[in-house]
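Okay, structure first, notes after.
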Amino acid sequence: AGQKQTHGFQAEVKQLLQLMIHSLYSNKEIFLRELVSNASDAADKLRFLALSDSSLYGDDGELRVRISLDEQARTLTISDNGIGMDEADVIAHLGTIAKSGTKEFFSQLSGDQSKDSKLIGQFGVGFYSAFIVAEKVTVRTRKAGLPADSAVEWESAGEGDYTISKINKASRGTEIVLHLRDGEDEFLSRWKVESIVTKYSDHISIPVEMWQEGTPEREEDGEKIPATEGHWQAVNKATALWTRDKSEITDDEYKEFYKHISHDWSEPLSWSHNKVEGNNNYTSLLYVPKKAPFDMWNREAKHGLKLYVQRVFIMDDAEQFMPSYLRFIKGVLDSSDLPLNVSREILQDTKVSQSLRKGCSSRALKMLEKLAKDSEQYQLFWNEFGQVLKEGPAEDFANKEQIAALLRFASTHNDSSVQNVALADYVSRMKEGQDEIYFLVADSHEAAKHSPHLEVFRKKGLEVLLLSDRIDEWLMQHLPEFDGKKFRSVAKGGLDLSKLDDEQTKEEQKKTEEAFASVLERFKKALGEQVKDVKVSHRLTDSPACVVTDEFDMSTQMIKLMESVGQ
Ligand code: ADP
Ligand code: MG
């Protein structure tokens with residue numbers, strides 16, 4: 001072995017290690033899931049590179065993970081023959097956290113462990129979870145294509161630093177040795193480890209093997225049973241989950257698979273698994289997460305589906321298959337129509353990816369429609385991702401009506417700031433003679449609720465949607481109608497509620513207008529250039545006057561929004 005070098009962890013890694021050891025202790029067995037998941041990713045990555053350079057396999061093309069236990073040494077070792085790492089990889093991946101937004105995420109931590117442990121789940125850690133049960137971790141790794149003497153050993157006690165040295169390693173791939181802490185002996189039990197693997201890693205598509213001792217020749221009920229040799233035995237199903245038949249997959253398997261592909265520690269809210277045959281042949285398995293990732297609003301954050309072509313992993317975060325307003329959807333897409341050498345550039349403009357995108361968007365929307373049947377569950381979804389979905393009508397013209405049906409709003413009907421009114425609910429409550437959907441956009445729900453524009457609507461018993469999210473003005477510009485009914489801002493001119501009035505009211509209104517004609521003239525003179533027009537309003541009941549924008553002008557909120565982005 002060469003010279004040992006000591007390196008310090010990135011500050012965030014130190015924070016993460018501390019937090020993880022304390023807050024995840026009650027669920028410590030997940031370390032095994034994380035390490036097996038990494039080994040499986042490493043196999044996927046090797047297979048991908050070997051598509052263009054099959055020599056990378058050497059004489060070892062059967063990819064697998066092995067777990068071995070050593071009671072004497074009190075170690076648990078996970079070894080794979082996947083892609084492996086060189087020295088630069090080791091430093092980059094096992095000494096720092098490469099995710100975008102990492103610094104921001106850690107600056108949000110409060111120091112209160114119970115609060116922070118909830119946050120850590122959505123950050124998704126992984127390799128470092130080894131330190132929950134290990135007092136020391138040794139990683140020996142050799143990158144595919146590199147000679148035996150350019151392997152690397154990484155070692156750390158999970159405190160401030162780690163060491164790195166050059167070593168010899170006979171075979172390709174990564175071996176992770178956990179030196180178990182006192183009291184963690186349960187992870188030396190084959191039965192225990194096997195049951196953890198079946199629980200969390202059954203869906204891993206390569207074999208997860210454990211050593212099976214041989215038995216000597218013996219006799220049972222007068223029959224001779226031949227001796228068996230010790231051998232490596234797969235303890236998981238080892239077929240890619242999405243290729244299996246839906247009816248044979250349990251909910252728990254779907255949930256664990258989600259955690260594997262999403263790097264999220266919480267369970268998904270729902271999923272949808274589809275095999276499509278015909279013009280395009282593909283399988284998609286899509287998930288709605290329970291919680292928004294911490295970097296949902298970070299422009300550089302990665303999103304998209306995990307892409308496979310004929311079961312061969314091609315890339316993570318293929319964003320071509322999901323429009324941006326569905327960027328919270330996670331999942332796998334396995335296509336039989338794309339070439340194995342497909343690249344991000346090629347994906348950009350093939351007919352196949354366009355039609356896959358159409359198919360996946362439509363599956364995702366259907367999944368949300370299904371979720372919406374359970375209003376409680378859907379509310380959980382809406383509270384996390386509603387703001388993103390509101391980008392939909394502007395982005396996806398073809399599915400506008402379907403997206404509109406999935407939107408939820410606060411409304412004067414239930415007098416609360418909770419966004420839980422569907423447009424279909426609104427339509428079902430429309431008054432006789434009402435043919436438009438009324439809405440009001442304001443800076444806050446409070447401001448909307450107390451707007452003088454609402455007075456006449458309250459008086460007439462007409463429901464008004466109250467919109468106060470930043471995106472709402474943008475949304476309404478791209479949503480002209482729903483179910484054949486036009487949207488109408490109650491803050492704009494051109495509002496004609498006369499159809500809803502009886503003859504007598506109309507007569508009275510006409511009289512009022514005549515009586516105030518001279519007053520209006522004086523107002524116009526006094527206000528001059530500051531206003532476009534002054535009109536008698538029948539819209540107010542308590543307030544004496546209000547400012548409205550012209551039907552075709554930008555609304556006051558839009559003006560504010562434009563100003564805020566420097567227009
Ligand atoms: P994630 O899996 O979300 O990327 P992890 O903390 O689990 O995060 O792993 C960090 C990185 O370390 C991985 O992305 C990978 O590059 C590298 N890595 C971890 N385990 C292995 C392994 N067994 N083989 C090759 N690379 C690995
Ligand atoms: Mg991982």
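To be explicit about the labels: the chains of the structure tokens are called A, B, and onward in the order shown, and within each one the residues are counted from 1, while ligands get numbers from 1 in the order they are shown.
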Counting only C-alpha atoms and all ligand atoms, what are the residues of chain A within 6 Å of ligand 2, and for each of them which pair of atoms is the nearest and at what distance in Å, to one decimal? Sort the table by chain and rising number, as a Markdown table.
```
| residue | atom | partner | partner_atom_place_in_ligand_line | distance |
| --- | --- | --- | --- | --- |
| A:Glu34 | CA | ligand 2 | 1 (Mg) | 5.4 |
| A:Ser37 | CA | ligand 2 | 1 (Mg) | 5.8 |
| A:Asn38 | CA | ligand 2 | 1 (Mg) | 4.6 |
| A:Gly126 | CA | ligand 2 | 1 (Mg) | 4.4 |
| A:Phe127 | CA | ligand 2 | 1 (Mg) | 5.9 |
```
Output C-alpha atoms of each residue in that selection to a file, as a CSV table (one decimal), in the first residue's frame.
```
chain,number,residue,atom,x,y,z
A,34,GLU,CA,-28.5,2.3,0.9
A,37,SER,CA,-28.7,0.4,-3.7
A,38,ASN,CA,-25.4,2.0,-4.5
A,126,GLY,CA,-27.0,7.1,1.3
A,127,PHE,CA,-23.4,6.0,1.7
```
- Dump the neighbourhood of ligand 1 as an MDAnalysis selection string: all residues within 10 Å, distances computed on only C-alpha atoms and all ligand atoms. chainID A and resid 31 33:43 45:46 65 78:86 89:99 123:130 139:143 173:176 260:264
- Item | Pairwise distance for atom CA of A:Ser335 and atom CA of A:Ala301, rounded to one decimal in Å |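 Distance between the two atoms: 24.6 Å.
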- So which residues touch A:Phe482 within 12 Å, counting only C-alpha atoms, skipping near sequence neighbours fewer than 5 positions away, as a list of chain:residue names? A:Pro393, A:Lys400, A:Glu401, A:Gln402, A:Ile403, A:Ala404, A:Ala405, A:Leu406, A:Leu407, A:Ala422, A:Leu423, A:Ala424, A:Asp425, A:Tyr426, A:Val427, A:Asp435, A:Glu436, A:Ile437, A:Tyr438, A:Met476, A:Phe487, A:Arg488
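Candidate residues A:Gln5, A:Ser205, A:Ser107, A:Thr77 were compared for distance to A:Asp161, and the nearest is A:Gln5, using only C-alpha atoms.
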- Message: as a PyMOL selection string, please: the residues near A:Leu356 (cut-off 9 Å, only C-alpha atoms, same-chain neighbours under 5 positions excluded).
- Response: chain A and resi 280+282+320-321+333+335+351+361
Requested write-out: C-alpha atoms of the selected residues, as a compact mmCIF listing (two decimals), in the first residue's frame:
```txt
# COMPACT_ATOMS: atom_id res chain seq x y z
CA ASN A 280 -44.42 2.56 -29.04
CA TYR A 282 -42.41 0.81 -23.29
CA GLN A 320 -37.28 14.97 -21.82
CA PHE A 321 -40.08 12.66 -20.76
CA LEU A 333 -39.12 4.52 -18.21
CA SER A 335 -38.24 1.82 -23.85
CA LYS A 351 -40.06 11.48 -32.68
CA SER A 361 -47.45 13.09 -19.20
```
- Task: Using DSSP on the backbone, list every residue of stretch 340-475 of chain A that comes out as strand (DSSP E or B), and give them as JSON, numbers by chain.
- Result: {"A": [409, 410, 411, 421, 436, 437, 438, 439, 440, 441, 465, 466, 467]}
For the residues in the current selection, export N, CA and C atoms as an mmCIF file, in the first residue's frame.
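Once written, out-v1.cif looks like this:
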```cif
data_model
loop_
_atom_site.group_PDB
_atom_site.id
_atom_site.type_symbol
_atom_site.label_atom_id
_atom_site.label_comp_id
_atom_site.auth_asym_id
_atom_site.auth_seq_id
_atom_site.Cartn_x
_atom_site.Cartn_y
_atom_site.Cartn_z
ATOM 1 N N PHE A 409 -58.626 25.563 -5.557
ATOM 2 C CA PHE A 409 -58.583 26.980 -5.207
ATOM 3 C C PHE A 409 -59.241 27.247 -3.864
ATOM 4 N N ALA A 410 -58.831 28.367 -3.258
ATOM 5 C CA ALA A 410 -59.604 28.885 -2.132
ATOM 6 C C ALA A 410 -60.789 29.607 -2.759
ATOM 7 N N SER A 411 -61.882 29.690 -2.020
ATOM 8 C CA SER A 411 -63.073 30.299 -2.612
ATOM 9 C C SER A 411 -63.921 30.933 -1.526
ATOM 10 N N VAL A 421 -61.066 23.795 -3.485
ATOM 11 C CA VAL A 421 -62.249 23.811 -4.348
ATOM 12 C C VAL A 421 -61.834 23.483 -5.783
ATOM 13 N N GLU A 436 -70.322 32.405 -16.243
ATOM 14 C CA GLU A 436 -68.887 32.627 -16.138
ATOM 15 C C GLU A 436 -68.390 32.201 -14.756
ATOM 16 N N ILE A 437 -67.083 31.904 -14.694
ATOM 17 C CA ILE A 437 -66.475 31.539 -13.411
ATOM 18 C C ILE A 437 -65.747 32.773 -12.891
ATOM 19 N N TYR A 438 -66.154 33.254 -11.748
ATOM 20 C CA TYR A 438 -65.582 34.491 -11.213
ATOM 21 C C TYR A 438 -64.372 34.219 -10.344
ATOM 22 N N PHE A 439 -63.347 35.046 -10.523
ATOM 23 C CA PHE A 439 -62.168 34.899 -9.663
ATOM 24 C C PHE A 439 -61.594 36.264 -9.350
ATOM 25 N N LEU A 440 -60.791 36.273 -8.304
ATOM 26 C CA LEU A 440 -60.142 37.501 -7.886
ATOM 27 C C LEU A 440 -58.703 37.167 -7.528
ATOM 28 N N VAL A 441 -57.763 37.932 -8.079
ATOM 29 C CA VAL A 441 -56.352 37.718 -7.732
ATOM 30 C C VAL A 441 -55.905 38.857 -6.835
ATOM 31 N N LEU A 465 -63.655 32.616 -6.782
ATOM 32 C CA LEU A 465 -62.396 31.948 -6.429
ATOM 33 C C LEU A 465 -61.400 33.012 -5.977
ATOM 34 N N LEU A 466 -60.728 32.749 -4.867
ATOM 35 C CA LEU A 466 -59.797 33.731 -4.318
ATOM 36 C C LEU A 466 -58.370 33.261 -4.535
ATOM 37 N N LEU A 467 -57.643 33.948 -5.388
ATOM 38 C CA LEU A 467 -56.301 33.512 -5.777
ATOM 39 C C LEU A 467 -55.244 34.451 -5.211
#
```
- Item | Contacts of A:Val531 within 12 Å, only C-alpha atoms, excl. fewer than 6 positions in-chain, as a ChimeraX atom specification | /A:523-525,547-550
File of the preceding selection, N, CA and C atoms, as a JSON list (two decimals), in the first residue's frame:
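Saved the output as again-v2.json:
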```
[["chain", "number", "residue", "atom", "x", "y", "z"],
["A", 523, "PHE", "N", -65.97, 64.38, -11.27],
["A", 523, "PHE", "CA", -64.88, 63.45, -10.91],
["A", 523, "PHE", "C", -63.86, 63.37, -12.03],
["A", 524, "LYS", "N", -64.36, 63.22, -13.26],
["A", 524, "LYS", "CA", -63.46, 63.08, -14.42],
["A", 524, "LYS", "C", -62.57, 64.29, -14.54],
["A", 525, "LYS", "N", -63.16, 65.47, -14.35],
["A", 525, "LYS", "CA", -62.38, 66.70, -14.45],
["A", 525, "LYS", "C", -61.30, 66.73, -13.39],
["A", 547, "VAL", "N", -61.15, 51.09, -7.37],
["A", 547, "VAL", "CA", -60.38, 51.22, -8.61],
["A", 547, "VAL", "C", -60.45, 49.89, -9.36],
["A", 548, "VAL", "N", -60.76, 49.93, -10.65],
["A", 548, "VAL", "CA", -60.74, 48.71, -11.45],
["A", 548, "VAL", "C", -59.85, 48.94, -12.66],
["A", 549, "THR", "N", -59.34, 47.82, -13.22],
["A", 549, "THR", "CA", -58.58, 47.98, -14.46],
["A", 549, "THR", "C", -59.50, 47.65, -15.62],
["A", 550, "ASP", "N", -59.15, 48.18, -16.79],
["A", 550, "ASP", "CA", -59.94, 47.94, -17.97],
["A", 550, "ASP", "C", -59.89, 46.46, -18.32]]
```
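Here atom CA of A:Asp44 and atom CA of A:Phe313 stand 5.5 Å from one another.
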- Near-A:Ser537 list (10 Å; only C-alpha atoms; drop same-chain fewer than 3 positions) as a list of chain:residue names: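 Listing them by chain and then by number gives A:Val456, A:Gln509, A:Thr512, A:Glu513, A:Val534, A:Leu540, A:Thr541, A:Pro544, A:Ala545, A:Cys546.
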- Task: Once DSSP has gone over the backbone, tell me which residues of stretch 251-352 of chain A are in helix (DSSP H, G or I), as a PyMOL selection string.
- Result: chain A and resi 251-262+319-321+324-326+344-348+351-352
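Residues within 8 Å of stretch 236-241 of chain A, counting only C-alpha atoms and excluding same-chain residues fewer than 3 positions away, are Val197, Thr198, Ser201, Asp202, His203, Ile204, Ser205, Ile206, Pro207, Val208, Glu209, Arg244, Ile249, Phe257 and Arg311 of chain A.
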- Query: A:Val133, A:Glu473, A:Phe105, A:Pro147: which is nearest A:Gly58, counting only C-alpha atoms?
  - Reply: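 Smallest distance to A:Gly58 is found for A:Pro147.
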- Have a look at atom CA of A:Glu384 and atom CA of A:Lys358 and let me know their distance in Å, one decimal.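 Atom-to-atom, atom CA of A:Glu384 and atom CA of A:Lys358 are spaced 24.0 Å apart.
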